[in-house]
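Colleague: Have a look at the structure that comes next, please.
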Amino acid sequence: MPAAFARAAFPYPIHETVLDNGLQVVAVPMDAPGLAAHYVAVRTGSRNEVEPGLSGFAHFFEHMMFRGTPRFTPEAYNDVLKRLGADGNAFTTDDWTCYHVTAAASALDTVMDIEADRFMNLAYGVEAFQKEAGAVLGEYNKNYSIPINALLEKVQDTAFTTHTYKHTTMGFLADIQAMPQRYDYSRMFFARWYRPDNAALVVAGDVDPESVFALARKRYGVWKPGVAHIETPVEPEQTAERTAAMAWAAPTLPMVALAYHVDAFDARSARGRALDVLAQAEFAPTSRFHSDLVLERQWIDWAYAGAEDRRDPTLFLLVCRVKDETRVEDVRREIEATLERAATTALPADRLAAVKSRLRYGFLSGLDTPDQVAVTVCSYLQLTGTTGSIDQTQETLSRVSAEDVRAAAAEAFRESNRTVVTLRHAP
Amino acid sequence: MKRIAVPSPESPFVTIRLQFETASRDDPPGREGLAALTGGLLVEGGAAGLTYPEILERLYPMAAGIGVQVDREVTVVHGTVHRDHLENYYPLVRDAVLAPRFDPADLERMRDDQSNALTAGLRATDDESLGKETLEAMIHAGSPYGRPVEGSVAGIAAIAREEAIAFHRERFTRDRLTIGLGGAVPDGFADRVAADLARLPERGPERPAVPAGRAPAGVEVLLVTKPCRAWAISLGFPIAVTRADDDFYPLFVANSYFGEHRTFNGVLMNAMRADRGLNYGDYSYVEAFVQDGMSTFPLPSTPRLRQAFSIWIRPVAPAHAHFALRQAMRELERLVRDGLTPQAFADTRDFVLNYSRLWVQTPSRRLGYAMDGAFYGRGSLVDELARRLPAMRVEDVNAAIRRHLATAGAHVAIVADPEGAAALAVALAADAPSPITYESETKPAVLEEDRAIAVHALNTSAAKIRTVPAEQMFENSDLPVR
C-alpha cells in the first residue's frame, strides 16, 4: 500500500471553528479551480418525527425551505441562483437534512447571504404550504411505482415497533395526504430544529478558510440558537422473528429482504466497521454468495447487503431480487447459511486485506469533487458532531480483525433479531 | 482511430473511455438488443485468459470497475482508477475490447438481465422511463432509434452466442473507435493504448442511415396501461437540429428558460409545480437527456444523429392528467408565440454560461464532454456555449424557437391505469373541458388562467388516440405504434 495513502484517510486539510451561536463551520480547501460547494447540515430528519400522524415532516419541511423570506421571495431566491449558474438542491434522510449550493467560489458571499437568510427568516403562507404538499404527494407517487421502495417501507414498518425509524423519510401515505392541514405544526417544526446549535456549515473547494469563517460570522452569526430537546423513543430489543409478505399488482420479479437490528454508528466501534467488512466479504461481486447465486446458479440478479450509518440503532439489510418465483425460499436459506457461516468461521487473511483495500480506495474515489467532499464531511458531522470521526472511522476499519467480523456476525445475525419481508407479483 | 486526451495532471485518478460508433442502431432486425448484450459481455463475459469472476477478483481491491454504456449511436467502455493501480488495471480494459470471451453462462445471465430490464423493470415498475421510451417509439417509429437500447423481449431471446461474437468482430473496429484518456495520464500511455488497439480489425460495414423522426399529425396519444396510482406523461416531436448545427445553441438557451432539468428556473416547473402543486417536476429537452446518477447533470456519451424536443411531466394524479397535458401544450404555444423577453434571455444566458461549467468537474466527465463534441464535429458543449453565448441575441433565440418548436401537435405518451385510460381517451377525443379543483387555497390569477387551460383545444380525435397494455410494449420487432 502506498505510504501517502496509508497515513491519512481524508486527503484534504480540514479547517474548523464554532460560532458563538453554536454553528459549526468547516472549510476544506481542495483543487477545484474557481468552484465552491456550500453545504448546510441540519441534524434533523425523519428520526425526529416523534408525534403520531406527522411522519414525513422533515422531508416536507425541506421543500418549504424553498418557499421564501421577506427579503427573498422564492422567485428572487431562484433568480440569484440562476444568475450565478449555481446548482442548488436539498435532501432529507432518516437523520439529517442537507441544503447545498455549488457555484463559483467568487460568489460565496452571495450564496451565504441567501442561504443564511432562509435559515433565519423563512416565511411562507398557507397557500404556498398547501401547494407544496401537492408536490410532496407527487414525489411519493413517482417513487411508488418502484417496488423496492415499497419493500423497504414495509421492512422498516415491520422491524421497528417504537423508534421513528419505523417510517421512511417520505412518511406514511396517510400522513402525507394530511399534510395540507398541518401549517401551524410546520412553523413549530422550524422553530424547534432550524437552529445554529443543531446545524453545521461546510464549504469545500477553491476557498481560503479564514475568508470562509469571516463570511460565516457575517452571515450566520446572528442566527439565534435554541434547539429543542425531544427524546426519540428507544426501540425495545426484538425477541422473536417477524415476517411480512407483500403482493404487487404490476408484473415484477419477487424480492426477499432480511433485516437485523444493529448498533448506531460509532467511529470507534470495531463491531460497526466489522459489519461493513462482512457486507463486502460475504456479498460483494467477488463473494462466494454472489459467484454462486448470481453468476453460476443464477437464481438472483442482484443482491444488496449492509447497514447505513445512523445516529440510532439501525438495520443491517440483505435484499435479493429472485429470478425464479419458486426459489424465493431457497434464496432466503442461502442468505441465512452465509450469515451463519460468517458467524462461525474466520475470514481468510487475504480476503480481509482485499476488502479493506476496496473500502479505502472506494472512500478515496468518492472524494473527487467539492460536492462529494462537502457531503462526506457533513455526513460525519451530523452523525458524530466532529470531523475527527472521518479519520477515526478509517483507522478503526484498518484495525478490524477476522475475529471482529466473526463476533459481530454472531451477535447480529440471530433468528430472534430477524425480520423477513417478501414481495411477489399478485394481480 | 481517433484520439482525444484531456489530461488533469493533479488528479489522483486516470480515466479511460474507449468509444465505438456501434450501438443499438446497428441491431439487426429480429435481434433487437444485440448491441446491448454484446457491449455487456465485453465487460461481464470474461476476456483473454480470465473468466468474469477472475476479472472481478482483480478489480476488487482497486475499488475500480470496467463499465460499458451502450446507447443508440455509441458504445463506450470506460473506467477510472487510482493511479496507484493503472498498471494492473489497464490490461483488463484492453482485453475487454480486444479479446472478450463471451462465456456462455455469462451470456445467459446477461440475456436474463436484459430481458428482465424490459419485463420486470421498464414495463412493470418504472413508469417515468416507460413514458419516455414510449415517446421515443412514437417519434422514431420504424427506426432503430424507436426502441429501448435493451431491445425487444423476442429479439433478446433470439440472439445466438455466435451473433454476439460476430457483432463484436465486425463492428468494434478501428474506423469506429475514439480513444479517450483523462486525469493523470502517464507519459507514453496514449501511444501504448493506440498501439494495442491497432490490433482491432480496420473497418466495419457501412451503417444504414437513421431516418428523421416522424412529425405528429396533431396531438397523437398513446396510452400505455398498467396498474399505477399516478400517471407519467412524456410528449414531444422531432427537431432538425443537433449540437452540430448553429441553431442548436439558441434553442438550448430557449429550453433552459422553458424547462431546465431539475431546477426551478423553467416556465413549466413554476406554472405546473410551484403555482399548482400538480406533481414533483416538469421539464423540457432539446436533445436526448440521461441524468448522471443522483446528480442533476447530463450524462455524456449519449450523442444522437436525430434529436427531438420533449416535455417530461412527472406523475400526476389521474384526475389532473388531461389538465396537465393541456397546460404543457399551452405553455409551449405561448413560448412559440411570445418568445423570451430581453431580460429573460439575458438571465438565462448568464445561467447557462455559469451552470454548464459544473458539468465538467471530474476528469471522466471532462473527457466525455470533449468526446461528445468531437462526435458532432464541434468543441465540447461547455466550450461551445462559452464561445457562442456572449454574442447571442434574444432575436436569435426567438427565431430559433419559431423555426424548430412551432408545432400543431405532439406525440404524447401517457402511462395510466386501464380504467382511467379508457375514460381519458373518451375525454380527449371529445376535447371535453378538464376543469381542475384544489383542496388548497389558490391565487385568483391562477384560477382565472385555469379556466382557459381547462378548455384549451388539443387538436386530437379518436383516430389519433390508441391504447396498448404495457406488457405488449417492446415485446418484438413490431411495436404497437403506428
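By convention in this document, the chains of the C-alpha cells carry letters A, B, ... by their order, each chain's residues are numbered from 1, and ligands are numbered from 1 in the order they are shown.
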Kindly determine which residues of chain A lie within 8 Å of chain B, considering only C-alpha atoms, and give the answer as JSON, numbers by chain.
Modeller: {"A": [2, 32, 78, 79, 82, 83, 84, 85, 86, 87, 103, 104, 126, 127, 130, 131, 132, 133, 134, 135, 136, 137, 138, 139, 141, 142, 145, 146, 147, 180, 249, 250, 251, 252, 253, 285, 286, 291, 294, 295, 296, 298, 301, 354, 355, 356, 357, 358, 359, 361, 362, 365, 368, 369]}
Colleague: Go ahead and save the residues from that selection, with N, CA and C atoms, as a compact mmCIF listing (two decimals), in the first residue's frame.
Modeller:
```
# COMPACT_ATOMS: atom_id res chain seq x y z
N PRO A 2 0.60 2.23 -0.88
CA PRO A 2 1.43 3.44 -0.92
C PRO A 2 1.40 4.17 0.42
N ALA A 32 -10.06 22.59 -7.04
CA ALA A 32 -11.31 22.65 -7.80
C ALA A 32 -11.39 24.07 -8.35
N ASN A 78 -34.52 32.12 -6.36
CA ASN A 78 -34.12 31.35 -7.54
C ASN A 78 -33.41 32.22 -8.56
N ASP A 79 -33.82 33.48 -8.65
CA ASP A 79 -33.14 34.38 -9.60
C ASP A 79 -31.67 34.54 -9.25
N LYS A 82 -29.95 31.45 -10.24
CA LYS A 82 -29.92 31.38 -11.70
C LYS A 82 -28.83 32.29 -12.25
N ARG A 83 -28.76 33.49 -11.70
CA ARG A 83 -27.74 34.43 -12.18
C ARG A 83 -26.35 33.86 -11.97
N LEU A 84 -26.17 33.17 -10.84
CA LEU A 84 -24.86 32.60 -10.54
C LEU A 84 -24.59 31.32 -11.34
N GLY A 85 -25.62 30.78 -11.96
CA GLY A 85 -25.45 29.48 -12.62
C GLY A 85 -25.16 28.40 -11.61
N ALA A 86 -25.77 28.55 -10.44
CA ALA A 86 -25.47 27.63 -9.34
C ALA A 86 -26.29 26.35 -9.46
N ASP A 87 -25.76 25.29 -8.89
CA ASP A 87 -26.51 24.04 -8.76
C ASP A 87 -26.93 23.95 -7.31
N ALA A 103 -21.33 26.69 -6.70
CA ALA A 103 -21.26 27.82 -7.62
C ALA A 103 -19.80 28.29 -7.68
N ALA A 104 -19.59 29.39 -8.41
CA ALA A 104 -18.25 29.98 -8.47
C ALA A 104 -17.82 30.36 -7.05
N VAL A 126 -50.14 30.06 3.89
CA VAL A 126 -50.87 28.79 3.86
C VAL A 126 -50.95 28.26 2.43
N GLU A 127 -51.15 29.16 1.46
CA GLU A 127 -51.32 28.68 0.09
C GLU A 127 -50.06 27.98 -0.41
N GLN A 130 -49.71 24.63 1.16
CA GLN A 130 -50.59 23.59 0.64
C GLN A 130 -50.20 23.15 -0.76
N LYS A 131 -49.73 24.09 -1.58
CA LYS A 131 -49.28 23.71 -2.93
C LYS A 131 -48.07 22.78 -2.83
N GLU A 132 -47.20 23.07 -1.86
CA GLU A 132 -46.01 22.24 -1.73
C GLU A 132 -46.39 20.83 -1.26
N ALA A 133 -47.44 20.75 -0.46
CA ALA A 133 -47.91 19.43 -0.04
C ALA A 133 -48.31 18.60 -1.26
N GLY A 134 -48.84 19.26 -2.28
CA GLY A 134 -49.18 18.56 -3.53
C GLY A 134 -47.94 18.02 -4.21
N ALA A 135 -46.87 18.81 -4.20
CA ALA A 135 -45.62 18.37 -4.83
C ALA A 135 -45.04 17.18 -4.07
N VAL A 136 -45.17 17.19 -2.75
CA VAL A 136 -44.63 16.08 -1.95
C VAL A 136 -45.42 14.80 -2.22
N LEU A 137 -46.74 14.93 -2.33
CA LEU A 137 -47.54 13.75 -2.70
C LEU A 137 -47.12 13.26 -4.08
N GLY A 138 -46.83 14.20 -4.99
CA GLY A 138 -46.34 13.82 -6.32
C GLY A 138 -45.03 13.06 -6.23
N GLU A 139 -44.17 13.46 -5.30
CA GLU A 139 -42.89 12.77 -5.13
C GLU A 139 -43.13 11.35 -4.62
N ASN A 141 -45.78 9.62 -5.15
CA ASN A 141 -46.38 8.89 -6.26
C ASN A 141 -45.34 8.43 -7.27
N LYS A 142 -44.37 9.29 -7.56
CA LYS A 142 -43.36 8.90 -8.55
C LYS A 142 -42.50 7.77 -8.00
N SER A 145 -44.13 3.64 -7.89
CA SER A 145 -44.21 2.61 -8.93
C SER A 145 -43.01 1.67 -8.86
N ILE A 146 -42.07 1.95 -7.97
CA ILE A 146 -40.84 1.16 -7.89
C ILE A 146 -40.94 0.24 -6.68
N PRO A 147 -41.01 -1.09 -6.91
CA PRO A 147 -41.35 -1.99 -5.80
C PRO A 147 -40.31 -2.02 -4.68
N PRO A 180 -51.50 19.01 4.10
CA PRO A 180 -52.00 20.38 3.87
C PRO A 180 -52.65 21.01 5.12
N ALA A 249 -49.14 -5.44 -7.60
CA ALA A 249 -50.12 -5.59 -8.68
C ALA A 249 -49.47 -5.70 -10.06
N ALA A 250 -48.45 -4.89 -10.32
CA ALA A 250 -47.81 -4.93 -11.65
C ALA A 250 -46.84 -6.10 -11.71
N PRO A 251 -46.55 -6.61 -12.91
CA PRO A 251 -45.60 -7.71 -13.01
C PRO A 251 -44.24 -7.27 -12.47
N THR A 252 -43.65 -8.09 -11.66
CA THR A 252 -42.31 -7.79 -11.16
C THR A 252 -41.66 -9.09 -10.73
N LEU A 253 -40.36 -9.09 -10.58
CA LEU A 253 -39.68 -10.26 -10.03
C LEU A 253 -39.81 -10.21 -8.52
N PRO A 285 -19.52 -8.48 -5.28
CA PRO A 285 -19.46 -9.30 -6.50
C PRO A 285 -18.36 -10.37 -6.49
N THR A 286 -17.36 -10.22 -5.63
CA THR A 286 -16.32 -11.26 -5.58
C THR A 286 -16.60 -12.30 -4.50
N SER A 291 -20.94 -15.18 -6.49
CA SER A 291 -20.48 -16.10 -7.54
C SER A 291 -21.48 -17.24 -7.72
N VAL A 294 -25.56 -15.42 -8.28
CA VAL A 294 -25.74 -14.51 -9.42
C VAL A 294 -25.08 -15.10 -10.67
N LEU A 295 -23.83 -15.57 -10.53
CA LEU A 295 -23.08 -15.95 -11.73
C LEU A 295 -23.29 -17.42 -12.12
N GLU A 296 -23.31 -18.32 -11.14
CA GLU A 296 -23.37 -19.74 -11.52
C GLU A 296 -24.80 -20.27 -11.56
N GLN A 298 -27.45 -18.62 -10.89
CA GLN A 298 -28.28 -17.56 -11.49
C GLN A 298 -29.72 -17.56 -10.97
N ASP A 301 -30.74 -11.81 -9.56
CA ASP A 301 -29.99 -10.93 -10.46
C ASP A 301 -29.27 -9.81 -9.71
N ALA A 354 -8.12 -7.71 1.04
CA ALA A 354 -8.72 -7.21 -0.20
C ALA A 354 -9.92 -6.32 0.11
N VAL A 355 -10.73 -6.73 1.10
CA VAL A 355 -11.90 -5.92 1.46
C VAL A 355 -11.48 -4.57 2.02
N LYS A 356 -10.47 -4.58 2.86
CA LYS A 356 -10.02 -3.30 3.43
C LYS A 356 -9.49 -2.37 2.34
N SER A 357 -8.74 -2.92 1.42
CA SER A 357 -8.22 -2.11 0.32
C SER A 357 -9.39 -1.53 -0.48
N ARG A 358 -10.36 -2.38 -0.76
CA ARG A 358 -11.54 -1.95 -1.50
C ARG A 358 -12.25 -0.78 -0.80
N LEU A 359 -12.46 -0.93 0.49
CA LEU A 359 -13.20 0.09 1.24
C LEU A 359 -12.41 1.39 1.27
N TYR A 361 -9.95 2.49 -0.91
CA TYR A 361 -9.89 3.14 -2.23
C TYR A 361 -11.28 3.60 -2.66
N GLY A 362 -12.29 2.88 -2.25
CA GLY A 362 -13.65 3.32 -2.55
C GLY A 362 -13.96 4.64 -1.87
N SER A 365 -12.07 7.37 -3.75
CA SER A 365 -12.59 7.70 -5.08
C SER A 365 -13.92 8.45 -4.98
N ASP A 368 -13.86 13.28 -4.99
CA ASP A 368 -13.24 13.81 -6.20
C ASP A 368 -13.67 15.24 -6.52
N THR A 369 -14.83 15.66 -6.00
CA THR A 369 -15.36 16.98 -6.35
C THR A 369 -15.74 17.71 -5.05
```
Colleague: If we count only C-alpha atoms and set the cut-off at 12 Å, which residues sit around range 14-26 of chain A, ignoring sequence neighbours fewer than 4 positions away in its own chain? Please answer as a ChimeraX atom specification.
Modeller: /A:10,30,37-43,116,119,194-205,207-227,373-378,380-382,385-388,390-391
Colleague: In Å to one decimal, how far is CA of Val360 in chain B from CA of Gly366 in chain A?
Modeller: 16.0 Å
Colleague: Just list the residues in range 208-286 of chain A DSSP gives alpha helix (DSSP H) on the backbone, as number ranges by chain.
Modeller: A: 209-220, 270-283
Colleague: Among the residues of range 81-187 of chain A, find those DSSP assigns to strand (DSSP E) from the backbone and print them as a list in words.
Modeller: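 Filtering range 81-187 of chain A to strand (DSSP E) leaves Asp87, Gly88, Asn89, Ala90, Phe91, Thr92, Thr97, Cys98, Tyr99, His100, Val101, Thr102, Ala103 and Ala104 of chain A.
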Colleague: One decimal, Å: what's the distance from CA of Ser284 in chain B over to CA of Ala105 in chain A, could you say?
Modeller: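 About the pair CA of Ser284 in chain B and CA of Ala105 in chain A: they are 29.1 Å apart.
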Colleague: Which residues are close to Ile176 in chain A, i.e. within 9 Å by only C-alpha atoms, leaving aside same-chain residues fewer than 5 positions away? Reply as a PyMOL selection string.
Modeller: chain A and resi 53-57+60+133+136-137+140+170-171
Colleague: Would you mind listing what lies within 7 Å of Asn255 in chain B as a list in words, with only C-alpha atoms counted and same-chain residues fewer than 4 positions away left out?
Modeller: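 Using only C-alpha atoms, the neighbours found are Leu251, Gly259, Glu260, Ser284, Tyr285 and Val286 of chain B.
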Colleague: Quick one: of B:Tyr145, B:Lys2, B:Arg111, B:Ser152, who's nearest to Glu475 in chain B, counting only C-alpha atoms?
Modeller: B:Ser152
Colleague: Which polymer residues have any atom within 6 Å of an atom of range 412-422 of chain A, counting only C-alpha atoms, with same-chain residues fewer than 3 positions away left out, as a list of chain:residue names?
Modeller: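 Contacts, in chain order: A:Ala159, A:Gln238, A:Thr239, A:Ala240, A:Glu241, A:Arg242, A:Thr243, A:Ala244, A:Ala245, A:Met255, A:Val256, A:Ala257, A:Leu258, A:Ala259, A:Tyr260, A:Ala409.
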Colleague: Extract, using only C-alpha atoms, all DNA, RNA and protein residues at most 6 Å from range 39-45 of chain B, discarding same-chain residues fewer than 3 positions from it, and format them as a PyMOL selection string.
Modeller: chain B and resi 35-36+52+96+100+102-103+106
Colleague: Store the residues picked out above in a file with C-alpha atoms, as an mmCIF file, in the first residue's frame.
Modeller:
```cif
data_model
loop_
_atom_site.group_PDB
_atom_site.id
_atom_site.type_symbol
_atom_site.label_atom_id
_atom_site.label_comp_id
_atom_site.auth_asym_id
_atom_site.auth_seq_id
_atom_site.Cartn_x
_atom_site.Cartn_y
_atom_site.Cartn_z
ATOM 1 C CA ALA B 35 -25.583 -4.327 -29.309
ATOM 2 C CA ALA B 36 -26.508 -4.037 -25.625
ATOM 3 C CA TYR B 52 -15.528 -12.754 -15.336
ATOM 4 C CA ALA B 96 -12.303 -6.379 -22.686
ATOM 5 C CA PRO B 100 -13.752 -10.786 -24.991
ATOM 6 C CA PHE B 102 -18.441 -14.342 -24.425
ATOM 7 C CA ASP B 103 -18.533 -17.147 -21.884
ATOM 8 C CA ASP B 106 -22.390 -15.090 -18.602
#
```
Colleague: What gap, in Å, lies between CA of Ala150 in chain A and CA of Thr169 in chain A?
Modeller: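 Here the two named atoms are 12.5 Å from each other.
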Colleague: I need the residue nearest Leu35 in chain A from this list: A:Leu108, A:Leu318, A:Val80, A:Met65. Use only C-alpha atoms for the distance.
Modeller: A:Leu108
